[in-house]
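J.: Contents are mmCIF, C-alpha atoms and all ligand atoms; file name upload.cif:
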```
data_entry
loop_
_atom_site.label_atom_id
_atom_site.label_comp_id
_atom_site.auth_asym_id
_atom_site.auth_seq_id
_atom_site.Cartn_x
_atom_site.Cartn_y
_atom_site.Cartn_z
CA MET A 1 -3.22 4.81 -4.58
CA ARG A 2 -0.85 1.86 -4.39
CA ILE A 3 1.87 3.01 -2.02
CA GLY A 4 5.15 1.31 -1.06
CA ILE A 5 6.75 2.21 2.28
CA VAL A 6 10.38 1.45 3.10
CA CYS A 7 11.40 1.86 6.74
CA TYR A 8 13.39 0.44 9.62
CA PRO A 9 11.26 -2.10 11.47
CA THR A 10 12.70 -1.25 14.88
CA PHE A 11 11.39 0.75 17.85
CA GLY A 12 12.95 4.01 16.58
CA GLY A 13 10.74 6.98 15.82
CA SER A 14 11.20 6.81 12.04
CA GLY A 15 9.90 3.24 11.91
CA VAL A 16 6.99 4.09 14.20
CA VAL A 17 5.97 7.11 12.10
CA ALA A 18 6.28 5.14 8.84
CA THR A 19 4.20 2.26 10.17
CA GLU A 20 1.50 4.46 11.68
CA LEU A 21 1.34 6.34 8.38
CA GLY A 22 0.97 3.13 6.40
CA LYS A 23 -1.76 1.79 8.68
CA GLU A 24 -3.74 5.02 8.44
CA LEU A 25 -3.37 5.14 4.65
CA ALA A 26 -4.64 1.55 4.49
CA LEU A 27 -7.60 2.46 6.71
CA LYS A 28 -8.38 5.23 4.24
CA GLY A 29 -8.56 2.63 1.46
CA HIS A 30 -5.11 2.84 -0.15
CA GLN A 31 -3.17 -0.32 -0.95
CA VAL A 32 -0.07 -0.16 1.26
CA HIS A 33 3.03 -2.34 0.88
CA PHE A 34 5.75 -2.29 3.54
CA ILE A 35 9.23 -3.33 2.45
CA SER A 36 11.71 -3.98 5.26
CA TYR A 37 14.00 -6.64 6.72
CA ASP A 38 11.56 -7.48 9.51
CA LEU A 39 7.94 -6.89 10.39
CA PRO A 40 7.77 -3.30 11.77
CA VAL A 41 7.02 -3.28 15.53
CA ARG A 42 3.86 -1.23 15.09
CA PHE A 43 2.57 -3.44 12.24
CA ASP A 44 -0.31 -4.64 14.38
CA LYS A 45 -3.35 -4.41 12.11
CA LEU A 46 -4.86 -7.16 10.00
CA LEU A 47 -6.20 -5.50 6.87
CA THR A 48 -6.56 -6.97 3.40
CA ASN A 49 -4.94 -3.90 1.86
CA LEU A 50 -1.92 -3.78 4.21
CA HIS A 51 0.97 -5.93 3.01
CA TYR A 52 4.50 -6.76 4.12
CA HIS A 53 7.40 -7.82 1.88
CA GLU A 54 10.53 -9.04 3.60
CA VAL A 55 14.01 -8.15 2.39
CA ARG A 56 16.14 -11.24 2.99
CA VAL A 57 19.90 -10.94 2.65
CA SER A 58 21.72 -14.23 2.07
CA ASP A 59 24.87 -14.74 4.04
CA TYR A 60 27.60 -15.29 1.43
CA PRO A 61 31.01 -15.99 3.02
CA LEU A 62 32.67 -13.85 0.33
CA PHE A 63 31.25 -10.68 1.87
CA ASP A 64 32.52 -9.22 5.12
CA TYR A 65 29.53 -6.88 4.86
CA GLN A 66 26.31 -8.10 3.25
CA PRO A 67 25.03 -5.63 0.59
CA TYR A 68 21.59 -4.87 2.11
CA GLU A 69 21.06 -1.83 -0.07
CA LEU A 70 21.32 -3.88 -3.30
CA VAL A 71 18.94 -6.53 -2.05
CA LEU A 72 16.52 -3.82 -0.95
CA ALA A 73 16.68 -2.17 -4.38
CA SER A 74 15.95 -5.51 -6.07
CA ARG A 75 13.04 -6.15 -3.68
CA ILE A 76 11.61 -2.70 -4.44
CA VAL A 77 11.83 -3.44 -8.19
CA ASP A 78 10.03 -6.74 -7.65
CA VAL A 79 7.24 -5.24 -5.53
CA VAL A 80 6.71 -2.27 -7.86
CA LYS A 81 6.44 -4.57 -10.88
CA HIS A 82 4.23 -7.23 -9.36
CA GLU A 83 2.03 -5.11 -7.11
CA GLY A 84 1.80 -2.20 -9.55
CA LEU A 85 2.90 0.46 -7.04
CA ASP A 86 2.21 4.07 -8.03
CA ILE A 87 4.65 5.63 -5.60
CA LEU A 88 7.31 4.72 -3.03
CA HIS A 89 7.83 6.54 0.28
CA VAL A 90 11.16 5.91 2.00
CA HIS A 91 11.72 6.83 5.64
CA TYR A 92 15.28 7.65 6.76
CA ALA A 93 17.70 8.60 4.00
CA ILE A 94 20.37 5.97 4.67
CA PRO A 95 20.33 3.67 2.73
CA HIS A 96 16.67 3.81 1.77
CA ALA A 97 16.80 6.85 -0.50
CA SER A 98 19.76 5.55 -2.49
CA ALA A 99 18.17 2.09 -2.80
CA ALA A 100 14.99 3.77 -4.06
CA TYR A 101 17.01 5.75 -6.62
CA MET A 102 18.70 2.58 -7.83
CA ALA A 103 15.35 0.79 -8.11
CA GLN A 104 13.95 3.76 -10.00
CA GLN A 105 16.79 3.56 -12.55
CA ILE A 106 16.35 -0.20 -13.00
CA LEU A 107 12.60 0.21 -13.52
CA LYS A 108 13.19 3.02 -16.01
CA THR A 109 15.04 0.56 -18.29
CA GLU A 110 11.84 -1.48 -18.32
CA GLY A 111 9.66 1.51 -19.16
CA ILE A 112 8.23 1.90 -15.64
CA TYR A 113 8.43 5.24 -13.84
CA MET A 114 8.34 4.92 -10.07
CA PRO A 115 8.49 8.25 -8.25
CA PHE A 116 9.81 8.23 -4.68
CA VAL A 117 9.36 10.50 -1.68
CA THR A 118 12.12 10.67 0.95
CA THR A 119 11.31 11.63 4.53
CA LEU A 120 14.28 12.79 6.59
CA HIS A 121 13.89 11.88 10.25
CA GLY A 122 16.88 13.25 12.09
CA THR A 123 19.97 11.22 12.75
CA ASP A 124 20.17 10.44 9.01
CA ILE A 125 21.03 14.15 8.70
CA THR A 126 22.33 15.37 12.06
CA LEU A 127 24.55 12.43 13.07
CA VAL A 128 25.07 9.56 10.64
CA GLY A 129 24.53 11.60 7.49
CA LYS A 130 27.15 14.18 8.39
CA ASP A 131 29.77 11.43 8.40
CA GLU A 132 31.87 12.06 5.31
CA SER A 133 31.68 8.41 4.31
CA PHE A 134 27.94 8.87 3.66
CA GLU A 135 27.68 12.53 2.71
CA PRO A 136 28.01 12.40 -1.13
CA ASP A 137 25.56 9.51 -1.32
CA ILE A 138 22.97 11.27 0.85
CA THR A 139 23.29 14.58 -0.97
CA PHE A 140 22.78 12.79 -4.27
CA ALA A 141 19.81 10.70 -3.11
CA ILE A 142 18.08 13.72 -1.57
CA ASN A 143 18.57 15.74 -4.74
CA GLN A 144 17.25 12.89 -6.89
CA SER A 145 14.12 12.19 -4.84
CA ASP A 146 10.85 13.23 -6.45
CA ALA A 147 9.89 14.97 -3.21
CA VAL A 148 11.63 15.39 0.13
CA THR A 149 10.05 16.03 3.51
CA ALA A 150 11.56 16.75 6.92
CA VAL A 151 9.80 16.23 10.23
CA SER A 152 10.53 19.74 11.57
CA ASP A 153 11.67 23.21 10.51
CA SER A 154 14.83 22.61 12.48
CA LEU A 155 15.67 19.44 10.51
CA LYS A 156 14.96 21.22 7.23
CA ALA A 157 17.42 23.98 8.23
CA ASP A 158 20.02 21.39 9.31
CA THR A 159 19.73 19.62 5.95
CA TYR A 160 20.41 22.82 4.01
CA LYS A 161 23.26 23.63 6.41
CA HIS A 162 25.08 20.29 6.16
CA PHE A 163 24.37 19.13 2.61
CA ASN A 164 24.62 20.70 -0.80
CA VAL A 165 20.90 20.40 -1.31
CA LYS A 166 19.26 22.96 -3.57
CA ARG A 167 15.83 21.44 -3.97
CA GLU A 168 12.67 22.20 -1.98
CA ILE A 169 12.16 20.34 1.31
CA GLU A 170 8.63 20.34 2.69
CA VAL A 171 8.09 20.18 6.44
CA ILE A 172 5.47 17.62 7.43
CA PRO A 173 5.62 17.17 11.21
CA ASN A 174 5.26 13.84 12.91
CA PHE A 175 1.78 12.94 14.06
CA ILE A 176 0.04 10.90 16.69
CA ASP A 177 -3.00 8.71 17.05
CA LEU A 178 -4.47 10.48 20.09
CA LYS A 179 -6.86 7.61 20.81
CA ARG A 180 -3.96 5.26 21.48
CA TYR A 181 -2.93 7.35 24.49
CA GLN A 182 -6.33 7.78 26.15
CA GLY A 183 -8.12 5.64 28.68
CA CYS A 184 -5.39 3.16 29.67
CA SER A 185 -6.20 1.51 32.97
CA THR A 186 -3.59 2.81 35.38
CA ASP A 187 -4.41 1.29 38.78
CA GLY A 188 -2.25 -1.83 38.58
CA VAL A 189 0.76 -0.04 37.09
CA LEU A 190 0.54 2.80 39.60
CA LYS A 191 0.32 0.44 42.54
CA ALA A 192 3.34 -1.47 41.28
CA PHE A 193 5.63 1.48 40.63
CA ALA A 194 4.40 4.10 43.07
CA PRO A 195 3.08 2.08 46.04
CA LYS A 196 3.35 5.04 48.43
CA GLY A 197 2.05 7.63 45.97
CA GLU A 198 5.52 8.62 44.79
CA ARG A 199 5.86 10.89 41.75
CA LEU A 200 6.76 9.06 38.54
CA LEU A 201 9.31 10.49 36.12
CA LEU A 202 9.64 8.80 32.74
CA HIS A 203 12.17 8.64 29.95
CA THR A 204 12.01 6.42 26.89
CA SER A 205 14.61 6.09 24.14
CA ASN A 206 17.15 3.86 22.46
CA PHE A 207 19.74 4.77 25.15
CA ARG A 208 22.19 6.12 22.60
CA PRO A 209 24.70 8.82 23.60
CA VAL A 210 22.62 11.48 21.77
CA LYS A 211 19.79 10.92 24.30
CA ARG A 212 21.97 11.84 27.32
CA VAL A 213 20.20 9.33 29.58
CA GLU A 214 22.81 10.04 32.27
CA ASP A 215 21.31 13.55 32.47
CA VAL A 216 17.94 11.89 33.05
CA VAL A 217 19.40 10.06 36.05
CA GLU A 218 21.09 13.26 37.32
CA VAL A 219 17.82 15.19 37.11
CA PHE A 220 15.96 12.39 38.84
CA SER A 221 18.52 12.17 41.62
CA LYS A 222 18.11 15.91 42.31
CA VAL A 223 14.30 15.67 42.29
CA ARG A 224 14.30 12.58 44.52
CA LYS A 225 16.22 14.43 47.22
CA VAL A 226 13.24 16.78 47.59
CA ILE A 227 10.18 14.72 46.63
CA PRO A 228 9.60 10.96 46.97
CA SER A 229 9.76 9.76 43.40
CA LYS A 230 10.63 6.92 41.04
CA LEU A 231 12.25 6.91 37.62
CA LEU A 232 10.90 4.70 34.83
CA LEU A 233 13.35 4.06 32.00
CA ALA A 234 11.72 2.44 28.97
CA GLY A 235 13.80 1.22 26.02
CA ASP A 236 17.34 -0.06 25.99
CA GLY A 237 20.60 0.48 24.18
CA PRO A 238 24.37 0.93 24.29
CA GLU A 239 24.52 3.45 27.17
CA ARG A 240 22.78 1.08 29.60
CA PRO A 241 25.96 0.04 31.48
CA LYS A 242 26.91 3.70 32.03
CA ILE A 243 23.40 4.53 33.20
CA GLU A 244 23.43 1.64 35.67
CA ALA A 245 26.87 2.68 36.92
CA LEU A 246 25.62 6.22 37.54
CA CYS A 247 22.55 4.93 39.42
CA ARG A 248 24.88 2.91 41.66
CA LYS A 249 27.16 5.91 42.22
CA LEU A 250 24.23 8.16 43.12
CA GLY A 251 22.56 5.47 45.24
CA THR A 252 19.30 5.65 43.29
CA CYS A 253 19.12 2.04 42.02
CA ASP A 254 16.16 1.06 44.21
CA ASP A 255 14.08 3.86 42.75
CA VAL A 256 14.98 3.37 39.10
CA HIS A 257 13.08 0.81 37.03
CA PHE A 258 14.47 -0.40 33.71
CA LEU A 259 11.40 -1.46 31.75
CA GLY A 260 13.01 -2.65 28.50
CA LYS A 261 11.68 -2.29 24.98
CA LEU A 262 7.98 -2.15 25.78
CA LYS A 263 5.40 -2.58 23.06
CA ASN A 264 2.56 -1.12 25.12
CA ILE A 265 4.43 2.03 26.07
CA GLU A 266 1.17 4.03 26.34
CA GLU A 267 0.38 2.27 29.63
CA VAL A 268 3.55 3.70 31.12
CA TYR A 269 2.93 7.20 29.76
CA SER A 270 -0.49 7.11 31.38
CA VAL A 271 0.95 6.85 34.91
CA ALA A 272 3.82 9.33 34.51
CA ASP A 273 3.85 12.78 36.09
CA LEU A 274 6.70 14.16 33.98
CA PHE A 275 8.60 13.12 30.86
CA LEU A 276 12.33 13.85 30.64
CA LEU A 277 14.04 14.39 27.26
CA PRO A 278 17.46 16.04 27.74
CA SER A 279 18.83 15.04 24.27
CA GLU A 280 21.96 16.50 22.73
CA THR A 281 20.00 16.88 19.51
CA GLU A 282 16.50 15.81 18.50
CA SER A 283 14.96 16.56 15.14
CA PHE A 284 11.42 16.28 16.50
CA GLY A 285 11.07 14.24 19.67
CA LEU A 286 8.19 11.86 18.93
CA ALA A 287 8.48 10.41 22.44
CA ALA A 288 7.78 13.87 23.90
CA LEU A 289 4.70 14.16 21.71
CA GLU A 290 3.50 10.74 22.89
CA ALA A 291 3.94 11.92 26.47
CA MET A 292 2.00 15.10 25.77
CA ALA A 293 -0.80 13.10 24.13
CA SER A 294 -0.98 11.23 27.46
CA ARG A 295 -1.22 14.56 29.34
CA VAL A 296 2.35 14.37 30.63
CA PRO A 297 4.34 17.65 30.64
CA VAL A 298 7.88 17.56 29.26
CA ILE A 299 11.17 18.68 30.81
CA SER A 300 13.56 18.81 27.88
CA SER A 301 16.60 20.38 26.33
CA ASN A 302 15.99 23.28 23.96
CA THR A 303 17.70 21.67 21.00
CA GLY A 304 16.70 20.87 17.38
CA GLY A 305 12.98 20.52 16.78
CA ILE A 306 11.94 20.05 20.43
CA PRO A 307 10.90 23.73 20.83
CA GLU A 308 8.48 23.19 17.93
CA ILE A 309 6.43 20.85 20.14
CA ASN A 310 7.33 21.60 23.77
CA GLU A 311 6.23 25.16 24.59
CA ILE A 312 8.26 26.70 27.37
CA GLY A 313 6.16 27.51 30.45
CA VAL A 314 3.06 26.01 28.81
CA THR A 315 3.51 22.31 28.04
CA GLY A 316 6.74 21.94 29.99
CA PHE A 317 10.14 23.60 30.32
CA LEU A 318 13.24 23.70 28.12
CA SER A 319 16.85 24.17 29.23
CA ASN A 320 20.27 24.24 27.64
CA VAL A 321 21.74 20.81 26.91
CA GLY A 322 23.39 19.47 30.08
CA ASP A 323 21.82 21.98 32.49
CA THR A 324 20.49 19.31 34.86
CA ASP A 325 20.21 21.83 37.75
CA GLU A 326 17.69 23.92 35.85
CA MET A 327 15.87 20.82 34.57
CA ALA A 328 15.53 19.49 38.12
CA ALA A 329 14.36 22.90 39.41
CA ASN A 330 11.71 23.05 36.67
CA ALA A 331 10.61 19.49 37.40
CA LEU A 332 10.22 20.36 41.10
CA LYS A 333 8.28 23.52 40.26
CA LEU A 334 5.63 21.32 38.63
CA LEU A 335 5.75 18.37 40.99
CA LYS A 336 5.32 20.55 44.09
CA ASP A 337 2.26 22.36 42.78
CA GLU A 338 -0.65 20.07 41.87
CA ALA A 339 -2.71 22.89 40.35
CA LEU A 340 0.16 24.01 38.14
CA LEU A 341 0.90 20.42 37.12
CA SER A 342 -2.75 19.94 36.12
CA LYS A 343 -2.65 23.11 34.05
CA PHE A 344 0.49 21.91 32.22
CA ARG A 345 -1.03 18.46 31.75
CA GLU A 346 -4.04 19.92 29.95
CA ALA A 347 -1.90 22.32 27.88
CA ALA A 348 0.36 19.43 26.83
CA TYR A 349 -2.66 17.50 25.62
CA GLN A 350 -4.08 20.49 23.76
CA LYS A 351 -0.72 21.04 22.04
CA ALA A 352 -0.50 17.34 21.07
CA LYS A 353 -3.88 17.70 19.34
CA GLN A 354 -2.21 19.98 16.77
CA PHE A 355 -0.25 16.91 15.64
CA SER A 356 -3.18 14.53 15.37
CA GLU A 357 -3.05 12.09 12.47
CA ASP A 358 -6.34 13.49 11.11
CA SER A 359 -4.59 16.70 10.23
CA ILE A 360 -1.23 15.31 9.04
CA ILE A 361 -2.15 12.21 6.95
CA PRO A 362 -4.05 14.30 4.32
CA ILE A 363 -0.89 16.39 3.86
CA TYR A 364 1.02 13.23 2.85
CA GLU A 365 -1.83 12.15 0.55
CA ASN A 366 -1.78 15.56 -1.07
CA LEU A 367 1.99 15.32 -1.54
CA TYR A 368 1.69 11.90 -3.22
CA GLU A 369 -0.98 13.28 -5.55
CA ARG A 370 1.21 16.23 -6.50
CA VAL A 371 4.19 13.95 -7.10
CA LEU A 372 2.09 11.69 -9.28
CA ALA A 373 0.85 14.69 -11.19
CA GLY A 374 4.50 15.61 -11.73
CA VAL A 375 4.20 18.87 -9.78
CA ALA A 376 6.42 18.41 -6.76
CA LYS A 377 9.86 18.04 -8.41
O1 LIG B 1 15.88 9.06 18.16
C1 LIG B 1 16.48 8.19 17.56
O2 LIG B 1 17.67 7.97 17.75
C2 LIG B 1 15.75 7.35 16.55
C3 LIG B 1 15.45 8.15 15.34
C4 LIG B 1 14.85 7.29 14.27
O3 LIG B 1 15.20 7.49 13.12
O4 LIG B 1 14.03 6.43 14.50
O5 LIG B 1 14.56 9.20 15.69
C5 LIG B 1 14.53 10.32 14.85
O6 LIG B 1 13.29 10.30 14.14
C6 LIG B 1 12.12 10.47 14.96
C7 LIG B 1 10.89 10.35 14.07
O7 LIG B 1 10.86 11.34 13.09
C8 LIG B 1 12.19 11.82 15.69
O8 LIG B 1 11.05 12.00 16.51
C9 LIG B 1 13.46 11.85 16.56
O9 LIG B 1 13.56 13.13 17.15
C10 LIG B 1 14.69 11.60 15.70
N1 LIG B 1 15.86 11.46 16.57
C11 LIG B 1 16.85 12.35 16.61
O10 LIG B 1 16.87 13.36 15.91
C12 LIG B 1 17.94 12.07 17.57
#
```
Translate this file's structure into structure tokens.
Ligand code: GMT
T.:
Amino acid sequence: MRIGIVCYPTFGGSGVVATELGKELALKGHQVHFISYDLPVRFDKLLTNLHYHEVRVSDYPLFDYQPYELVLASRIVDVVKHEGLDILHVHYAIPHASAAYMAQQILKTEGIYMPFVTTLHGTDITLVGKDESFEPDITFAINQSDAVTAVSDSLKADTYKHFNVKREIEVIPNFIDLKRYQGCSTDGVLKAFAPKGERLLLHTSNFRPVKRVEDVVEVFSKVRKVIPSKLLLAGDGPERPKIEALCRKLGTCDDVHFLGKLKNIEEVYSVADLFLLPSETESFGLAALEAMASRVPVISSNTGGIPEINEIGVTGFLSNVGDTDEMAANALKLLKDEALLSKFREAAYQKAKQFSEDSIIPIYENLYERVLAGVAK
């Protein structure tokens, strides 16, 4: 198949999933064309059948806001026509699904039918999408897509709850390339961050309010009072000043490392003892799955789609949003008992295997085939 993929090129989970999907499809022999405003961060393979088309928005002084969605739609039209795409897969509804719909209508006037699949990732539904300034547009674009997928049962339910969507939504969970998270050399990193054998707690995100990174620091501070430990914070974002202020207030600064937007995040997972994900809401929690693939148990909130991957008392523990006392107690339960921690480590890995790319990619291929056969709508 000749497949177009539209995604955000940034570190966010939706861009990572879209890029990993495209790379795997290319490895399976499909022609894959990425369309985005920058090279996706995980676009790290040189293959003759993996292509990238940049969307470049000119800066006209007339516009206070540049119309990215229109330029994207035009770029999609161009790529479909000149590369002969069979199907387009857009990741994140806003504004990708509406740009795809617009491109589809333009192409129709030229006698070309381009079906498009929309994958809902989370904040496009649970946060941004709910905003009334986007809602009618999203409802329309979801209803007009040739097929719609959501990354968890929880996100599917949220979509039906918040939008007037009548059509079928298929759940295709996020997936992971297990190999990427095995066999990293850990000695140097361990020596650097845990020179006296301290426990390492890890959190990675875009530091947005929804991630509740201050809860991460609270949990760490409670754990650190009992067990020598360090906190690794990978990523960056708007809450950083608040997080730093809290570290200063709690006197934990010396034991908290801000690692920034790391590309080789798997190295950090490989040295962690626990992963913390106390989010307000989380449609799936790809970062938790990456941790589990690295044999790192997860202390998380019990919100959204997280319970679909983190099994309470098996791969980690789940608590109500904001309950940092319970999260810290659960973290200590594992950190104090090496045998129990090992058991959870293995269970986390076994659970992650259920989301291996080998089992999920064929589900997408099958969906594309059904769409092309005109079955899915
Ligand atoms: O977590 C974010 O804020 C980024 C966002 C994105 O679109 O990149 O992540 C969402 O999509 C990921 C991939 O499907 C999911 O694993 C994340 O759980 C989801 N984030 C939220 O629902 C908050």
J.: As an exercise, work out the distance from CA of Asp78 in chain A to CA of Lys28 in chain A in Å and give it to one decimal place.
T.: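 Calculated distance between CA of Asp78 in chain A and CA of Lys28 in chain A is 25.0 Å.
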J.: With the cut-off set at 7 Å and counting all atoms listed in the file, tabulate each residue of chain A with an atom at most that distance from an atom of ligand LIG 1 (chain B), showing the nearest atom pair and its distance in Å to one decimal, ordered by chain and increasing number, as JSON lines.
T.:
```
{"residue": "A:Gly12", "atom": "CA", "partner": "B:LIG1", "partner_atom": "O4", "distance": 3.4}
{"residue": "A:Gly13", "atom": "CA", "partner": "B:LIG1", "partner_atom": "O4", "distance": 3.6}
{"residue": "A:Ser14", "atom": "CA", "partner": "B:LIG1", "partner_atom": "O4", "distance": 3.8}
{"residue": "A:Gly15", "atom": "CA", "partner": "B:LIG1", "partner_atom": "O4", "distance": 5.8}
{"residue": "A:Val17", "atom": "CA", "partner": "B:LIG1", "partner_atom": "C7", "distance": 6.2}
{"residue": "A:Tyr92", "atom": "CA", "partner": "B:LIG1", "partner_atom": "O3", "distance": 6.4}
{"residue": "A:His121", "atom": "CA", "partner": "B:LIG1", "partner_atom": "O7", "distance": 4.2}
{"residue": "A:Gly122", "atom": "CA", "partner": "B:LIG1", "partner_atom": "O10", "distance": 3.8}
{"residue": "A:Thr123", "atom": "CA", "partner": "B:LIG1", "partner_atom": "O10", "distance": 4.9}
{"residue": "A:Thr126", "atom": "CA", "partner": "B:LIG1", "partner_atom": "O10", "distance": 7.0}
{"residue": "A:Val151", "atom": "CA", "partner": "B:LIG1", "partner_atom": "O7", "distance": 5.8}
{"residue": "A:Asn174", "atom": "CA", "partner": "B:LIG1", "partner_atom": "O7", "distance": 6.1}
{"residue": "A:Ser205", "atom": "CA", "partner": "B:LIG1", "partner_atom": "O1", "distance": 6.8}
{"residue": "A:Asn206", "atom": "CA", "partner": "B:LIG1", "partner_atom": "O2", "distance": 6.3}
{"residue": "A:Arg208", "atom": "CA", "partner": "B:LIG1", "partner_atom": "O2", "distance": 6.9}
{"residue": "A:Val210", "atom": "CA", "partner": "B:LIG1", "partner_atom": "C12", "distance": 6.3}
{"residue": "A:Thr281", "atom": "CA", "partner": "B:LIG1", "partner_atom": "C12", "distance": 5.6}
{"residue": "A:Glu282", "atom": "CA", "partner": "B:LIG1", "partner_atom": "O10", "distance": 3.6}
{"residue": "A:Ser283", "atom": "CA", "partner": "B:LIG1", "partner_atom": "O10", "distance": 3.8}
{"residue": "A:Phe284", "atom": "CA", "partner": "B:LIG1", "partner_atom": "O9", "distance": 3.9}
{"residue": "A:Gly285", "atom": "CA", "partner": "B:LIG1", "partner_atom": "O9", "distance": 3.7}
{"residue": "A:Leu286", "atom": "CA", "partner": "B:LIG1", "partner_atom": "O8", "distance": 3.7}
{"residue": "A:Ala287", "atom": "CA", "partner": "B:LIG1", "partner_atom": "O8", "distance": 6.7}
```
J.: Show me a table, sorted first by chain and then by increasing residue number, of the residues of range 142-259 of chain A having an atom at most 8 Å from range 340-357 of chain A, each with its shortest atom pair and the distance in Å to one decimal, counting all atoms listed in the file and written as a tab-separated table.
T.:
```
residue	atom	partner	partner_atom	distance
A:Pro173	CA	A:Phe355	CA	7.4
A:Asn174	CA	A:Phe355	CA	6.9
A:Phe175	CA	A:Phe355	CA	4.7
A:Ile176	CA	A:Ser356	CA	5.0
A:Asp177	CA	A:Glu357	CA	5.7
A:Leu178	CA	A:Ser356	CA	6.4
```
J.: Let me see the file: selected residues, C-alpha atoms, as an mmCIF file, in the coordinates of the input.
T.:
```
data_model
loop_
_atom_site.group_PDB
_atom_site.id
_atom_site.type_symbol
_atom_site.label_atom_id
_atom_site.label_comp_id
_atom_site.auth_asym_id
_atom_site.auth_seq_id
_atom_site.Cartn_x
_atom_site.Cartn_y
_atom_site.Cartn_z
ATOM 1 C CA PRO A 173 5.620 17.170 11.210
ATOM 2 C CA ASN A 174 5.260 13.840 12.910
ATOM 3 C CA PHE A 175 1.780 12.940 14.060
ATOM 4 C CA ILE A 176 0.040 10.900 16.690
ATOM 5 C CA ASP A 177 -3.000 8.710 17.050
ATOM 6 C CA LEU A 178 -4.470 10.480 20.090
#
```
J.: Please measure the separation of CA of Leu231 in chain A and CA of Gly322 in chain A, giving the value in Å to one decimal.
T.: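 Straight-line distance from CA of Leu231 in chain A to CA of Gly322 in chain A works out to 18.4 Å.
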J.: Any idea what the distance is between CA of Ile306 in chain A and CA of Leu39 in chain A?
T.: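 Taking CA of Ile306 in chain A as the start and CA of Leu39 in chain A as the end point, the length is 29.0 Å.
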J.: Which polymer residues, whether protein, DNA or RNA, lie within 12 Å of the coordinate (27.3, 22.8, 9.3) when you count all atoms listed in the file? List them as a list in words, using the chain letters and numbers from the file.
T.: Ile125, Thr126, Leu127, Gly129, Lys130, Asp131, Ala157, Asp158, Thr159, Tyr160, Lys161, His162, Phe163 and Asn164 of chain A
J.: Do you know which residues are at most 7 Å from Arg199 in chain A counting only C-alpha atoms, after dropping those on the same chain fewer than 2 positions away, and could you put them as a list in words?
T.: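 Listed by chain and then number, they are Gly197, Leu201, Pro228, Ser229, Lys230 and Asp273 of chain A.
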J.: From the structure block, carefully write range 134-147 of chain A out with N, CA and C atoms; format it as a short mmCIF file (atom, residue, chain, number, x, y, z; two decimals), in the first residue's frame.
T.:
```cif
data_model
loop_
_atom_site.label_atom_id
_atom_site.label_comp_id
_atom_site.auth_asym_id
_atom_site.auth_seq_id
_atom_site.Cartn_x
_atom_site.Cartn_y
_atom_site.Cartn_z
N PHE A 134 -13.44 24.29 19.52
CA PHE A 134 -13.04 23.23 18.59
C PHE A 134 -14.14 22.19 18.36
N GLU A 135 -15.04 22.07 19.33
CA GLU A 135 -15.94 20.92 19.38
C GLU A 135 -16.70 20.61 18.08
N PRO A 136 -17.37 21.61 17.45
CA PRO A 136 -18.14 21.26 16.23
C PRO A 136 -17.24 20.73 15.12
N ASP A 137 -16.06 21.31 15.02
CA ASP A 137 -15.11 20.91 13.98
C ASP A 137 -14.65 19.47 14.21
N ILE A 138 -14.36 19.14 15.47
CA ILE A 138 -13.87 17.78 15.76
C ILE A 138 -14.97 16.76 15.55
N THR A 139 -16.16 17.08 16.04
CA THR A 139 -17.28 16.15 15.86
C THR A 139 -17.46 15.85 14.37
N PHE A 140 -17.46 16.91 13.58
CA PHE A 140 -17.66 16.75 12.13
C PHE A 140 -16.55 15.89 11.52
N ALA A 141 -15.30 16.23 11.84
CA ALA A 141 -14.17 15.51 11.21
C ALA A 141 -14.15 14.04 11.62
N ILE A 142 -14.51 13.77 12.88
CA ILE A 142 -14.55 12.36 13.32
C ILE A 142 -15.64 11.63 12.54
N ASN A 143 -16.81 12.27 12.44
CA ASN A 143 -17.92 11.61 11.75
C ASN A 143 -17.65 11.40 10.27
N GLN A 144 -16.83 12.26 9.69
CA GLN A 144 -16.55 12.16 8.25
C GLN A 144 -15.37 11.24 7.92
N SER A 145 -14.60 10.85 8.92
CA SER A 145 -13.43 9.99 8.65
C SER A 145 -13.92 8.65 8.09
N ASP A 146 -13.07 8.02 7.28
CA ASP A 146 -13.48 6.72 6.74
C ASP A 146 -13.36 5.62 7.78
N ALA A 147 -12.48 5.82 8.75
CA ALA A 147 -12.41 4.94 9.92
C ALA A 147 -11.81 5.75 11.06
#
```
